[in-house]
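Coordinates from target-v2.cif are shown below (mmCIF, C-alpha atoms and all ligand atoms).
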```cif
data_work
#
loop_
_atom_site.label_atom_id
_atom_site.label_comp_id
_atom_site.auth_asym_id
_atom_site.auth_seq_id
_atom_site.Cartn_x
_atom_site.Cartn_y
_atom_site.Cartn_z
CA MET G 1 119.40 87.86 116.96
CA ASP G 2 120.91 88.54 113.54
CA ALA G 3 123.99 90.60 112.68
CA HIS G 4 121.84 93.76 112.51
CA GLY G 5 120.24 93.42 115.94
CA ARG G 6 116.93 92.02 114.72
CA THR G 7 115.29 89.20 116.65
CA LEU G 8 114.56 86.30 114.32
CA ASP G 9 111.69 84.24 115.67
CA TYR G 10 109.53 83.43 112.63
CA LEU G 11 110.23 80.66 110.10
CA ARG G 12 108.15 80.18 106.98
CA LEU G 13 108.15 76.57 105.83
CA SER G 14 107.41 75.85 102.20
CA ILE G 15 106.17 72.27 102.31
CA THR G 16 105.69 71.87 98.57
CA ASP G 17 106.45 73.77 95.38
CA ARG G 18 103.30 72.33 93.73
CA CYS G 19 100.18 74.39 93.32
CA ASN G 20 96.58 73.96 92.16
CA GLU G 21 96.49 77.57 90.90
CA ARG G 22 98.83 79.51 88.64
CA CYS G 23 98.70 83.14 89.69
CA LEU G 24 99.90 85.70 87.17
CA TYR G 25 102.38 87.21 89.63
CA CYS G 26 103.71 84.00 91.10
CA MET G 27 104.21 81.27 88.57
CA PRO G 28 105.81 81.72 85.14
CA GLU G 29 103.49 80.68 82.35
CA GLY G 30 104.09 77.09 81.25
CA TYR G 31 106.27 76.49 84.32
CA HIS G 32 107.40 72.88 84.61
CA GLY G 33 110.29 73.26 87.00
CA TRP G 34 108.70 71.27 89.83
CA ARG G 35 111.04 69.46 92.14
CA SER G 36 110.62 65.70 92.15
CA ARG G 37 109.01 64.18 95.26
CA PRO G 38 112.30 62.90 96.74
CA ASP G 39 113.68 66.45 96.52
CA HIS G 40 110.99 67.66 98.92
CA LEU G 41 111.71 67.45 102.60
CA THR G 42 109.77 64.70 104.33
CA ARG G 43 107.40 65.41 107.23
CA GLU G 44 110.09 64.15 109.65
CA GLU G 45 112.76 66.39 108.08
CA ILE G 46 110.52 69.47 108.23
CA VAL G 47 109.70 68.82 111.87
CA ARG G 48 113.36 68.27 112.72
CA VAL G 49 114.28 71.63 111.17
CA ALA G 50 111.46 73.31 113.09
CA ARG G 51 112.51 71.65 116.36
CA THR G 52 116.07 72.87 115.82
CA ALA G 53 114.84 76.38 114.99
CA ALA G 54 112.63 76.38 118.11
CA ARG G 55 115.72 75.63 120.20
CA LEU G 56 117.31 78.74 118.67
CA GLY G 57 114.35 80.94 119.64
CA PHE G 58 112.00 80.63 116.64
CA ARG G 59 108.45 80.76 117.98
CA LYS G 60 106.20 81.06 114.96
CA PHE G 61 106.04 78.69 111.98
CA ARG G 62 103.99 79.24 108.85
CA LEU G 63 103.10 76.48 106.41
CA THR G 64 103.27 77.82 102.90
CA GLY G 65 104.29 76.79 99.40
CA GLY G 66 103.37 76.43 96.55
CA GLU G 67 99.98 75.51 97.91
CA PRO G 68 100.48 73.75 101.25
CA LEU G 69 97.02 72.18 101.20
CA VAL G 70 97.90 69.99 98.20
CA ARG G 71 100.34 68.08 100.38
CA ALA G 72 98.66 64.93 101.72
CA ASP G 73 100.30 65.06 105.17
CA VAL G 74 99.68 68.77 105.84
CA VAL G 75 97.43 68.12 108.86
CA ASP G 76 100.02 65.78 110.40
CA ILE G 77 102.77 68.36 109.85
CA ALA G 78 100.64 71.06 111.50
CA ARG G 79 99.98 68.77 114.49
CA ASP G 80 103.67 67.88 114.86
CA LEU G 81 104.71 71.53 114.77
CA ALA G 82 102.03 72.64 117.22
CA SER G 83 103.27 70.12 119.78
CA LEU G 84 106.94 71.21 119.65
CA PRO G 85 108.28 72.80 122.84
CA GLY G 86 108.66 76.56 122.56
CA VAL G 87 106.31 76.98 119.57
CA SER G 88 103.70 79.66 120.20
CA CYS G 89 101.99 79.81 116.81
CA VAL G 90 101.53 77.58 113.79
CA ALA G 91 100.03 79.49 110.87
CA LEU G 92 99.07 78.75 107.26
CA SER G 93 99.10 80.67 103.98
CA THR G 94 96.72 79.21 101.42
CA ASN G 95 94.85 80.04 98.25
CA GLY G 96 91.78 78.59 100.01
CA LEU G 97 90.77 76.11 97.30
CA ARG G 98 90.97 73.10 99.66
CA LEU G 99 90.15 74.92 102.88
CA ALA G 100 86.47 73.93 102.98
CA GLU G 101 87.44 70.30 103.68
CA LEU G 102 90.65 70.95 105.62
CA ALA G 103 89.84 73.89 107.93
CA ALA G 104 88.31 71.75 110.71
CA PRO G 105 91.07 69.08 110.84
CA LEU G 106 93.76 71.77 110.72
CA ARG G 107 92.14 73.69 113.57
CA ALA G 108 91.88 70.46 115.59
CA ALA G 109 95.56 69.78 114.85
CA GLY G 110 96.52 73.05 116.56
CA LEU G 111 96.78 75.49 113.64
CA ARG G 112 96.01 78.94 115.04
CA THR G 113 95.91 81.47 112.21
CA VAL G 114 95.26 81.46 108.45
CA ASN G 115 96.08 83.87 105.63
CA ILE G 116 93.95 83.40 102.53
CA SER G 117 94.86 84.90 99.17
CA LEU G 118 91.97 86.75 97.54
CA ASP G 119 92.85 89.01 94.62
CA ALA G 120 89.36 89.64 93.24
CA LEU G 121 85.67 89.11 93.99
CA ASN G 122 84.66 89.01 90.37
CA PRO G 123 84.64 85.27 89.51
CA GLU G 124 85.89 85.72 85.92
CA LEU G 125 88.68 88.05 86.98
CA TYR G 126 89.57 85.72 89.85
CA ARG G 127 89.90 82.89 87.34
CA ARG G 128 91.95 85.04 84.97
CA ILE G 129 94.41 85.97 87.73
CA THR G 130 94.69 82.59 89.43
CA GLY G 131 93.16 79.93 87.20
CA GLY G 132 91.02 78.83 90.17
CA SER G 133 87.39 78.89 91.32
CA LEU G 134 86.28 81.84 93.45
CA ALA G 135 83.24 79.90 94.74
CA ARG G 136 85.54 77.27 96.27
CA VAL G 137 87.72 79.90 97.92
CA LEU G 138 84.67 81.64 99.39
CA ALA G 139 83.47 78.28 100.75
CA GLY G 140 86.95 77.85 102.26
CA ILE G 141 86.78 81.27 103.92
CA ARG G 142 83.36 80.44 105.40
CA ALA G 143 84.67 77.12 106.72
CA ALA G 144 87.70 78.80 108.29
CA VAL G 145 85.49 81.41 110.00
CA ALA G 146 83.22 78.66 111.32
CA CYS G 147 86.21 76.79 112.84
CA GLY G 148 87.16 79.67 115.12
CA PHE G 149 90.75 80.34 114.06
CA GLU G 150 92.35 83.05 116.19
CA CYS G 151 92.99 85.24 113.17
CA ILE G 152 92.07 84.98 109.48
CA LYS G 153 93.54 87.54 107.09
CA LEU G 154 92.83 88.12 103.44
CA ASN G 155 95.77 88.90 101.14
CA CYS G 156 95.46 90.76 97.85
CA VAL G 157 98.40 91.42 95.53
CA LEU G 158 98.01 94.84 93.89
CA MET G 159 98.20 94.96 90.09
CA ARG G 160 97.52 98.18 88.21
CA GLY G 161 95.19 97.59 85.28
CA VAL G 162 94.30 94.11 86.55
CA ASN G 163 92.59 94.26 89.95
CA GLU G 164 92.66 97.83 91.23
CA GLN G 165 88.88 98.08 90.73
CA GLU G 166 88.56 95.13 93.14
CA ILE G 167 90.17 96.92 96.08
CA TRP G 168 87.00 98.61 97.28
CA PRO G 169 84.72 95.52 96.92
CA LEU G 170 87.38 93.47 98.75
CA THR G 171 87.46 96.07 101.53
CA LEU G 172 83.67 95.91 101.93
CA PHE G 173 83.82 92.10 101.93
CA ALA G 174 86.53 92.16 104.60
CA ALA G 175 84.50 94.58 106.74
CA GLU G 176 81.34 92.51 106.37
CA HIS G 177 83.14 89.37 107.58
CA GLY G 178 85.25 91.13 110.20
CA LEU G 179 88.51 89.97 108.58
CA PRO G 180 91.62 92.14 108.11
CA LEU G 181 92.56 92.74 104.47
CA ARG G 182 96.19 93.19 103.43
CA LEU G 183 97.12 94.91 100.21
CA ILE G 184 100.52 93.76 98.98
CA GLU G 185 102.84 95.41 96.49
CA LEU G 186 103.89 93.26 93.59
CA MET G 187 107.41 91.93 94.15
CA PRO G 188 109.73 91.03 91.28
CA ILE G 189 110.14 87.41 92.31
CA THR G 190 109.03 85.44 89.31
CA SER G 191 109.45 86.40 85.68
CA THR G 192 105.96 86.63 84.25
CA GLU G 193 104.40 89.20 81.99
CA VAL G 194 102.65 90.92 84.89
CA LEU G 195 105.86 91.88 86.69
CA ASP G 196 106.70 95.13 84.98
CA GLU G 197 106.35 98.79 85.85
CA ARG G 198 103.01 99.14 84.07
CA HIS G 199 101.37 96.76 86.52
CA PHE G 200 103.06 98.01 89.66
CA LEU G 201 100.59 99.75 91.99
CA PRO G 202 102.27 101.29 95.03
CA VAL G 203 100.49 100.99 98.37
CA ALA G 204 100.23 104.81 98.44
CA ALA G 205 98.04 104.65 95.32
CA ALA G 206 95.84 101.98 96.91
CA MET G 207 95.52 104.20 99.97
CA ARG G 208 94.44 107.17 97.82
CA LEU G 209 91.89 104.96 96.12
CA LEU G 210 90.39 103.93 99.48
CA GLN G 211 90.40 107.55 100.66
CA GLN G 212 87.93 108.34 97.88
CA HIS G 213 85.43 106.13 99.75
CA ASP G 214 86.25 106.46 103.43
CA ASP G 215 88.64 107.98 105.98
CA LEU G 216 91.74 106.00 106.90
CA ILE G 217 92.73 106.16 110.55
CA PRO G 218 96.20 104.78 111.36
CA VAL G 219 96.27 101.93 113.87
CA PRO G 220 99.99 101.90 114.72
CA GLU G 221 99.50 99.41 117.54
CA ALA G 222 98.03 96.73 115.24
CA ARG G 223 100.71 94.20 114.43
CA LEU G 224 98.64 91.20 113.53
CA GLY G 225 100.64 88.04 113.05
CA TRP G 226 104.17 89.42 113.44
CA GLY G 227 104.23 90.80 109.90
CA PRO G 228 105.34 94.03 108.19
CA ALA G 229 101.88 95.42 107.35
CA ARG G 230 100.92 98.96 108.42
CA TYR G 231 97.29 98.96 109.47
CA TYR G 232 94.51 101.52 109.05
CA ARG G 233 90.90 101.41 110.24
CA LEU G 234 88.29 102.77 107.83
CA ARG G 235 86.12 105.17 109.80
CA HIS G 236 82.72 104.31 108.32
CA THR G 237 82.98 100.72 107.06
CA GLY G 238 85.05 99.60 110.07
CA ALA G 239 87.38 97.58 107.80
CA LEU G 240 90.92 96.97 109.02
CA VAL G 241 93.31 97.26 106.06
CA GLY G 242 97.03 96.53 106.17
CA PHE G 243 99.45 97.82 103.54
CA ILE G 244 102.57 95.83 102.70
CA GLY G 245 104.80 98.07 100.66
CA ALA G 246 107.96 96.03 100.27
CA LEU G 247 109.14 98.18 97.36
CA THR G 248 108.12 101.68 98.40
CA THR G 249 108.14 101.74 102.22
CA PRO G 250 111.37 103.21 103.59
CA HIS G 251 113.06 100.96 106.17
CA PHE G 252 110.72 98.09 105.25
CA CYS G 253 113.27 95.49 106.39
CA ASP G 254 114.25 97.14 109.68
CA GLN G 255 111.90 95.00 111.76
CA CYS G 256 112.12 91.81 109.68
CA ASN G 257 111.94 88.79 111.97
CA LYS G 258 111.79 85.90 109.51
CA MET G 259 113.66 83.34 107.49
CA ARG G 260 112.40 80.78 105.00
CA LEU G 261 112.82 77.07 104.44
CA THR G 262 112.27 76.12 100.79
CA ALA G 263 110.41 72.97 99.83
CA ASP G 264 113.70 71.38 98.77
CA GLY G 265 115.39 72.09 102.08
CA LYS G 266 117.34 75.30 101.57
CA ILE G 267 117.40 77.93 104.28
CA ARG G 268 116.84 81.35 102.74
CA PRO G 269 117.49 84.25 105.10
CA CYS G 270 115.73 86.85 102.89
CA LEU G 271 113.04 86.60 100.20
CA GLY G 272 114.66 89.37 98.18
CA ASP G 273 118.19 87.99 98.19
CA HIS G 274 119.35 84.85 96.38
CA GLY G 275 121.53 83.56 99.23
CA GLU G 276 120.53 80.08 100.45
CA LEU G 277 122.19 77.39 102.58
CA ASP G 278 121.65 73.68 101.98
CA LEU G 279 120.04 72.15 105.04
CA ARG G 280 118.77 69.09 103.18
CA ALA G 281 122.27 67.91 102.37
CA LEU G 282 123.09 68.00 106.07
CA LEU G 283 119.87 66.26 107.08
CA ARG G 284 120.44 63.46 104.58
CA ARG G 285 123.98 62.75 105.55
CA GLY G 286 122.93 62.14 109.13
CA ALA G 287 124.12 65.40 110.66
CA SER G 288 123.88 65.89 114.41
CA ASP G 289 121.53 68.42 116.03
CA ALA G 290 124.55 70.60 116.77
CA GLU G 291 125.49 70.71 113.06
CA LEU G 292 121.93 71.67 112.10
CA GLU G 293 121.92 74.40 114.72
CA GLN G 294 125.24 75.69 113.40
CA LEU G 295 123.91 75.95 109.83
CA LEU G 296 120.77 77.75 110.99
CA GLN G 297 122.89 80.15 113.01
CA GLU G 298 125.06 80.78 109.98
CA ALA G 299 121.94 81.59 107.94
CA MET G 300 120.77 83.98 110.68
CA ALA G 301 124.16 85.70 110.64
CA ARG G 302 124.00 86.05 106.85
CA LYS G 303 120.59 87.69 106.76
CA PRO G 304 121.12 90.91 104.80
CA LEU G 305 120.15 94.28 106.21
CA ALA G 306 117.60 94.76 103.43
CA HIS G 307 116.19 93.04 100.34
CA SER G 308 117.67 93.79 96.91
CA PHE G 309 114.41 94.29 95.02
CA ARG G 310 115.36 97.86 94.12
CA GLN G 311 118.89 96.97 93.02
CA GLY G 312 118.14 95.34 89.66
CA PHE G 313 117.03 92.10 91.32
CA THR G 314 116.82 89.34 88.72
CA PRO G 315 114.14 86.74 89.45
CA CYS G 316 115.64 83.30 89.76
CA ARG G 317 113.65 80.67 91.62
CA PRO G 318 109.87 81.18 91.29
CA MET G 319 107.90 82.13 94.38
CA THR G 320 106.31 78.67 94.42
CA ALA G 321 109.75 77.15 94.99
CA ILE G 322 110.85 79.65 97.64
CA GLY G 323 107.65 79.86 99.64
CA GLY G 324 106.06 83.28 99.74
N1 LIG C 401 99.56 79.28 97.78
C1 LIG C 401 99.44 80.05 98.95
C2 LIG C 401 98.78 81.38 98.66
O1 LIG C 401 98.57 81.71 97.49
O2 LIG C 401 98.48 82.10 99.61
C3 LIG C 401 100.75 80.24 99.71
C4 LIG C 401 101.97 80.53 98.89
S1 LIG C 401 101.98 82.11 98.10
C5 LIG C 401 103.53 82.08 97.27
C6 LIG C 401 102.17 83.19 99.48
C7 LIG C 401 101.84 84.64 99.25
O3 LIG C 401 102.76 85.18 98.33
C8 LIG C 401 100.45 84.90 98.69
O4 LIG C 401 99.78 85.84 99.50
C9 LIG C 401 100.73 85.47 97.33
O5 LIG C 401 99.74 86.39 96.96
C10 LIG C 401 102.08 86.14 97.54
N2 LIG C 401 102.83 86.36 96.29
C11 LIG C 401 103.17 85.46 95.36
N3 LIG C 401 103.88 86.05 94.35
C12 LIG C 401 103.98 87.37 94.68
C13 LIG C 401 104.59 88.49 94.07
N4 LIG C 401 105.24 88.40 92.90
N5 LIG C 401 104.51 89.69 94.70
C14 LIG C 401 103.85 89.81 95.89
N6 LIG C 401 103.27 88.77 96.52
C15 LIG C 401 103.32 87.57 95.92
FE1 LIG C 402 99.90 79.07 93.86
FE2 LIG C 402 99.86 80.74 95.92
FE3 LIG C 402 101.56 81.11 93.87
FE4 LIG C 402 99.00 81.50 93.47
S1 LIG C 402 100.30 82.67 94.89
S2 LIG C 402 100.38 80.31 92.10
S3 LIG C 402 98.09 80.01 94.77
S4 LIG C 402 101.57 79.43 95.30
#
```

Could you write out this structure as structure tokens?
Ligand code: SAM
Ligand code: SF4
Amino acid sequence: MDAHGRTLDYLRLSITDRCNERCLYCMPEGYHGWRSRPDHLTREEIVRVARTAARLGFRKFRLTGGEPLVRADVVDIARDLASLPGVSCVALSTNGLRLAELAAPLRAAGLRTVNISLDALNPELYRRITGGSLARVLAGIRAAVACGFECIKLNCVLMRGVNEQEIWPLTLFAAEHGLPLRLIELMPITSTEVLDERHFLPVAAAMRLLQQHDDLIPVPEARLGWGPARYYRLRHTGALVGFIGALTTPHFCDQCNKMRLTADGKIRPCLGDHGELDLRALLRRGASDAELEQLLQEAMARKPLAHSFRQGFTPCRPMTAIGG
């Protein structure tokens, strides 16, 4: 429980700040601020943090980054986390580029659910937004579906004038494959040219755009994966679409249940607040389990009531370093 009565049971673990893409909204152009390898938490350190968090009531852990699948020991980390007492779900967020080869070993290791970023279905536009290959991502999605994960969601970041024309094709694709699609408002995390008002597309505008094609029926009971999305079923296509309006949804943070561990071992209670506590320093000076628990509890107590994105938030660490 945090100071505002919210149950915190979900920890997102950034296992690397490296990435094999460079999305317009995530990584500043020409970014070279990577942490050196020794700055990253080791597999053992990550698992120790997760074990401590599980003792405090955290039940769900998500591997993220940067791109978690570029880390060589990602399957071992997933297996270690899945076997911890009290853990009910180990999940992954990925750009999908390496999923074709890693989906099966990750599933066998105990990974249960996967979120795959997919901002466009037009290969040239996909490359312009991310720098990556759409064909490889689609192969990754097919592999994940074939492995029988409990839930696979597609994530699209909304950018006016960049990918709004992709929203309907993405919805049809999601319906065809029976995968939920989440449309995410651009957050001012990283300073790149795309993060200004001209490119901001509120979820309400995306909803209006979908309503030109189909009827949206609210599905208030759908809370897939413990997240903040509000879901709608499209009457004719059958697609399930979730809207994540971090900037425009009133009371967006009221139900927030998560904290983040950065790749360099800081505990960050809120994505949209710069406060962080240094867990790595404790780990590396041989702290006891009780000391680790105390620091995690302090982070939980410091979790702000709401993010500060609307209060002149200045981007500081890029999303790749924090773990989206
Ligand atoms: N590399 C993986 C991926 O792309 O899914 C995991 C890390 S990424 C930082 C996690 C999520 O954050 C992705 O769904 C990505 O689209 C989202 N994201 C990154 N920057 C964002 C921004 N400025 N606003 C909204 N979402 C963002
Ligand atoms: Fe990499 Fe994911 Fe950020 Fe894109 S959103 S640059 S894939 S970490």

Closest contacts (chain G/ligand LIG 402 (chain C), max 9 Å, all atoms listed in the file) as JSON lines:
```
{"residue": "G:Asp17", "atom": "CA", "partner": "C:LIG402", "partner_atom": "S4", "distance": 7.5}
{"residue": "G:Arg18", "atom": "CA", "partner": "C:LIG402", "partner_atom": "S4", "distance": 7.5}
{"residue": "G:Cys19", "atom": "CA", "partner": "C:LIG402", "partner_atom": "FE1", "distance": 4.7}
{"residue": "G:Asn20", "atom": "CA", "partner": "C:LIG402", "partner_atom": "FE1", "distance": 6.3}
{"residue": "G:Glu21", "atom": "CA", "partner": "C:LIG402", "partner_atom": "FE1", "distance": 4.8}
{"residue": "G:Arg22", "atom": "CA", "partner": "C:LIG402", "partner_atom": "S2", "distance": 3.9}
{"residue": "G:Cys23", "atom": "CA", "partner": "C:LIG402", "partner_atom": "S2", "distance": 4.1}
{"residue": "G:Leu24", "atom": "CA", "partner": "C:LIG402", "partner_atom": "S2", "distance": 7.3}
{"residue": "G:Tyr25", "atom": "CA", "partner": "C:LIG402", "partner_atom": "S1", "distance": 7.3}
{"residue": "G:Cys26", "atom": "CA", "partner": "C:LIG402", "partner_atom": "FE3", "distance": 4.5}
{"residue": "G:Met27", "atom": "CA", "partner": "C:LIG402", "partner_atom": "S2", "distance": 5.3}
{"residue": "G:Pro28", "atom": "CA", "partner": "C:LIG402", "partner_atom": "S2", "distance": 8.9}
{"residue": "G:Thr64", "atom": "CA", "partner": "C:LIG402", "partner_atom": "S4", "distance": 8.0}
{"residue": "G:Gly65", "atom": "CA", "partner": "C:LIG402", "partner_atom": "S4", "distance": 5.6}
{"residue": "G:Gly66", "atom": "CA", "partner": "C:LIG402", "partner_atom": "S4", "distance": 3.7}
{"residue": "G:Glu67", "atom": "CA", "partner": "C:LIG402", "partner_atom": "S4", "distance": 5.0}
{"residue": "G:Pro68", "atom": "CA", "partner": "C:LIG402", "partner_atom": "S4", "distance": 8.3}
{"residue": "G:Ser93", "atom": "CA", "partner": "C:LIG402", "partner_atom": "FE2", "distance": 8.1}
{"residue": "G:Thr94", "atom": "CA", "partner": "C:LIG402", "partner_atom": "FE2", "distance": 6.5}
{"residue": "G:Asn95", "atom": "CA", "partner": "C:LIG402", "partner_atom": "S3", "distance": 4.8}
{"residue": "G:Gly96", "atom": "CA", "partner": "C:LIG402", "partner_atom": "S3", "distance": 8.3}
{"residue": "G:Leu97", "atom": "CA", "partner": "C:LIG402", "partner_atom": "S3", "distance": 8.7}
{"residue": "G:Ser117", "atom": "CA", "partner": "C:LIG402", "partner_atom": "FE2", "distance": 7.3}
{"residue": "G:Ile129", "atom": "CA", "partner": "C:LIG402", "partner_atom": "FE4", "distance": 8.6}
{"residue": "G:Thr130", "atom": "CA", "partner": "C:LIG402", "partner_atom": "FE4", "distance": 6.0}
{"residue": "G:Gly131", "atom": "CA", "partner": "C:LIG402", "partner_atom": "FE4", "distance": 8.7}
{"residue": "G:Gly132", "atom": "CA", "partner": "C:LIG402", "partner_atom": "S3", "distance": 8.5}
{"residue": "G:Val157", "atom": "CA", "partner": "C:LIG402", "partner_atom": "S1", "distance": 9.0}
{"residue": "G:Pro318", "atom": "CA", "partner": "C:LIG402", "partner_atom": "FE3", "distance": 8.7}
{"residue": "G:Met319", "atom": "CA", "partner": "C:LIG402", "partner_atom": "FE3", "distance": 6.4}
{"residue": "G:Thr320", "atom": "CA", "partner": "C:LIG402", "partner_atom": "S4", "distance": 4.9}
{"residue": "G:Ala321", "atom": "CA", "partner": "C:LIG402", "partner_atom": "S4", "distance": 8.5}
{"residue": "G:Gly323", "atom": "CA", "partner": "C:LIG402", "partner_atom": "S4", "distance": 7.5}
{"residue": "G:Gly324", "atom": "CA", "partner": "C:LIG402", "partner_atom": "S4", "distance": 7.4}
```

So that I have them on file, write out the residues from the current selection with C-alpha atoms, as a PDB file, in the frame of the given file.
```
ATOM      1  CA  ASP G  17     106.450  73.770  95.380  1.00  0.00           C
ATOM      2  CA  ARG G  18     103.300  72.330  93.730  1.00  0.00           C
ATOM      3  CA  CYS G  19     100.180  74.390  93.320  1.00  0.00           C
ATOM      4  CA  ASN G  20      96.580  73.960  92.160  1.00  0.00           C
ATOM      5  CA  GLU G  21      96.490  77.570  90.900  1.00  0.00           C
ATOM      6  CA  ARG G  22      98.830  79.510  88.640  1.00  0.00           C
ATOM      7  CA  CYS G  23      98.700  83.140  89.690  1.00  0.00           C
ATOM      8  CA  LEU G  24      99.900  85.700  87.170  1.00  0.00           C
ATOM      9  CA  TYR G  25     102.380  87.210  89.630  1.00  0.00           C
ATOM     10  CA  CYS G  26     103.710  84.000  91.100  1.00  0.00           C
ATOM     11  CA  MET G  27     104.210  81.270  88.570  1.00  0.00           C
ATOM     12  CA  PRO G  28     105.810  81.720  85.140  1.00  0.00           C
ATOM     13  CA  THR G  64     103.270  77.820 102.900  1.00  0.00           C
ATOM     14  CA  GLY G  65     104.290  76.790  99.400  1.00  0.00           C
ATOM     15  CA  GLY G  66     103.370  76.430  96.550  1.00  0.00           C
ATOM     16  CA  GLU G  67      99.980  75.510  97.910  1.00  0.00           C
ATOM     17  CA  PRO G  68     100.480  73.750 101.250  1.00  0.00           C
ATOM     18  CA  SER G  93      99.100  80.670 103.980  1.00  0.00           C
ATOM     19  CA  THR G  94      96.720  79.210 101.420  1.00  0.00           C
ATOM     20  CA  ASN G  95      94.850  80.040  98.250  1.00  0.00           C
ATOM     21  CA  GLY G  96      91.780  78.590 100.010  1.00  0.00           C
ATOM     22  CA  LEU G  97      90.770  76.110  97.300  1.00  0.00           C
ATOM     23  CA  SER G 117      94.860  84.900  99.170  1.00  0.00           C
ATOM     24  CA  ILE G 129      94.410  85.970  87.730  1.00  0.00           C
ATOM     25  CA  THR G 130      94.690  82.590  89.430  1.00  0.00           C
ATOM     26  CA  GLY G 131      93.160  79.930  87.200  1.00  0.00           C
ATOM     27  CA  GLY G 132      91.020  78.830  90.170  1.00  0.00           C
ATOM     28  CA  VAL G 157      98.400  91.420  95.530  1.00  0.00           C
ATOM     29  CA  PRO G 318     109.870  81.180  91.290  1.00  0.00           C
ATOM     30  CA  MET G 319     107.900  82.130  94.380  1.00  0.00           C
ATOM     31  CA  THR G 320     106.310  78.670  94.420  1.00  0.00           C
ATOM     32  CA  ALA G 321     109.750  77.150  94.990  1.00  0.00           C
ATOM     33  CA  GLY G 323     107.650  79.860  99.640  1.00  0.00           C
ATOM     34  CA  GLY G 324     106.060  83.280  99.740  1.00  0.00           C
TER      35      GLY G 324
END
```

Padding 4 Å on each side, edges along x, y and z: where is the centre of the box around the listed atoms of ligand LIG 401 (chain C), and how long are its edges in Å to one decimal? Output it as lines of an AutoDock Vina configuration file.
```
center_x = 101.9
center_y = 84.5
center_z = 96.3
size_x = 14.8
size_y = 18.5
size_z = 14.8
```

Mind listing whatever residues come within 6 Å of the point (100.0, 96.0, 93.1)? Use all atoms listed in the file, file coordinates, and give them as an NGL selection string. :G and (157-160 or 185-186 or 200-201)

Which is closer to ligand LIG 401 (chain C) than all the others in G:Gly275, G:Pro85, G:Gly161, G:Gly245, using all atoms listed in the file?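 Of G:Gly275, G:Pro85, G:Gly161, G:Gly245, the one nearest ligand LIG 401 (chain C) is G:Gly245, counting all atoms listed in the file.
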
Please provide the set of residues having any atom within 6 Å of segment 34-51 of chain G, restricted to only C-alpha atoms, with same-chain residues fewer than 2 positions apart removed, written as a VMD selection string. chain G and resid 32 53 to 54 263 to 265

Quick one: pull the distance between atom CA of Glu29 of chain G and atom CA of Leu247 of chain G, Å, one decimal.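 Atom CA of Leu247 of chain G lies 23.7 Å from atom CA of Glu29 of chain G.
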
Neighbour list for Val114 of chain G as a list in words, cut-off 7 Å, all atoms listed in the file, skip fewer than 5 positions in-chain: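 Selected residues are Ala91, Leu92, Ser93, Cys151, Ile152 and Lys153 of chain G.
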
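Across G:Leu102, G:Ala143, G:Arg59, G:His4, the tightest approach to Leu84 of chain G is made by G:Arg59 when counting only C-alpha atoms.
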
G:Gly33, G:Pro202, G:Pro105, G:Pro169 ranked by distance to ligand LIG 401 (chain C), top pick (using only C-alpha atoms and all ligand atoms):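 Looking at the shortest contact to ligand LIG 401 (chain C), the residue is G:Pro202.
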
Compute the distance from (90.7, 92.6, 96.4) to each atom, counting all atoms listed in the file, keep the residues with any atom at most 8 Å away, and return them as a PDB file with C-alpha atoms, in the frame of the given file; use the coordinates of the file.
```pdb
ATOM      1  CA  LEU G 118      91.970  86.750  97.540  1.00  0.00           C
ATOM      2  CA  ASP G 119      92.850  89.010  94.620  1.00  0.00           C
ATOM      3  CA  ALA G 120      89.360  89.640  93.240  1.00  0.00           C
ATOM      4  CA  LEU G 121      85.670  89.110  93.990  1.00  0.00           C
ATOM      5  CA  ASN G 155      95.770  88.900 101.140  1.00  0.00           C
ATOM      6  CA  CYS G 156      95.460  90.760  97.850  1.00  0.00           C
ATOM      7  CA  VAL G 157      98.400  91.420  95.530  1.00  0.00           C
ATOM      8  CA  ASN G 163      92.590  94.260  89.950  1.00  0.00           C
ATOM      9  CA  GLU G 164      92.660  97.830  91.230  1.00  0.00           C
ATOM     10  CA  GLU G 166      88.560  95.130  93.140  1.00  0.00           C
ATOM     11  CA  ILE G 167      90.170  96.920  96.080  1.00  0.00           C
ATOM     12  CA  TRP G 168      87.000  98.610  97.280  1.00  0.00           C
ATOM     13  CA  PRO G 169      84.720  95.520  96.920  1.00  0.00           C
ATOM     14  CA  LEU G 170      87.380  93.470  98.750  1.00  0.00           C
ATOM     15  CA  THR G 171      87.460  96.070 101.530  1.00  0.00           C
ATOM     16  CA  LEU G 183      97.120  94.910 100.210  1.00  0.00           C
TER      17      LEU G 183
END
```

Can you tell me how far atom CA of Lys258 of chain G sits from atom CA of Gly148 of chain G, in Å to one decimal? 26.0 Å

Non-local contacts of Val219 of chain G (10 Å; all atoms listed in the file; under 3 positions in same chain excluded) as an mmCIF file with C-alpha atoms, keeping the file's coordinate frame:
```cif
data_model
loop_
_atom_site.group_PDB
_atom_site.id
_atom_site.type_symbol
_atom_site.label_atom_id
_atom_site.label_comp_id
_atom_site.auth_asym_id
_atom_site.auth_seq_id
_atom_site.Cartn_x
_atom_site.Cartn_y
_atom_site.Cartn_z
ATOM 1 C CA LEU G 216 91.740 106.000 106.900
ATOM 2 C CA ALA G 222 98.030 96.730 115.240
ATOM 3 C CA ARG G 223 100.710 94.200 114.430
ATOM 4 C CA ARG G 230 100.920 98.960 108.420
ATOM 5 C CA TYR G 231 97.290 98.960 109.470
ATOM 6 C CA TYR G 232 94.510 101.520 109.050
ATOM 7 C CA ARG G 233 90.900 101.410 110.240
ATOM 8 C CA LEU G 240 90.920 96.970 109.020
ATOM 9 C CA VAL G 241 93.310 97.260 106.060
ATOM 10 C CA GLY G 242 97.030 96.530 106.170
#
```
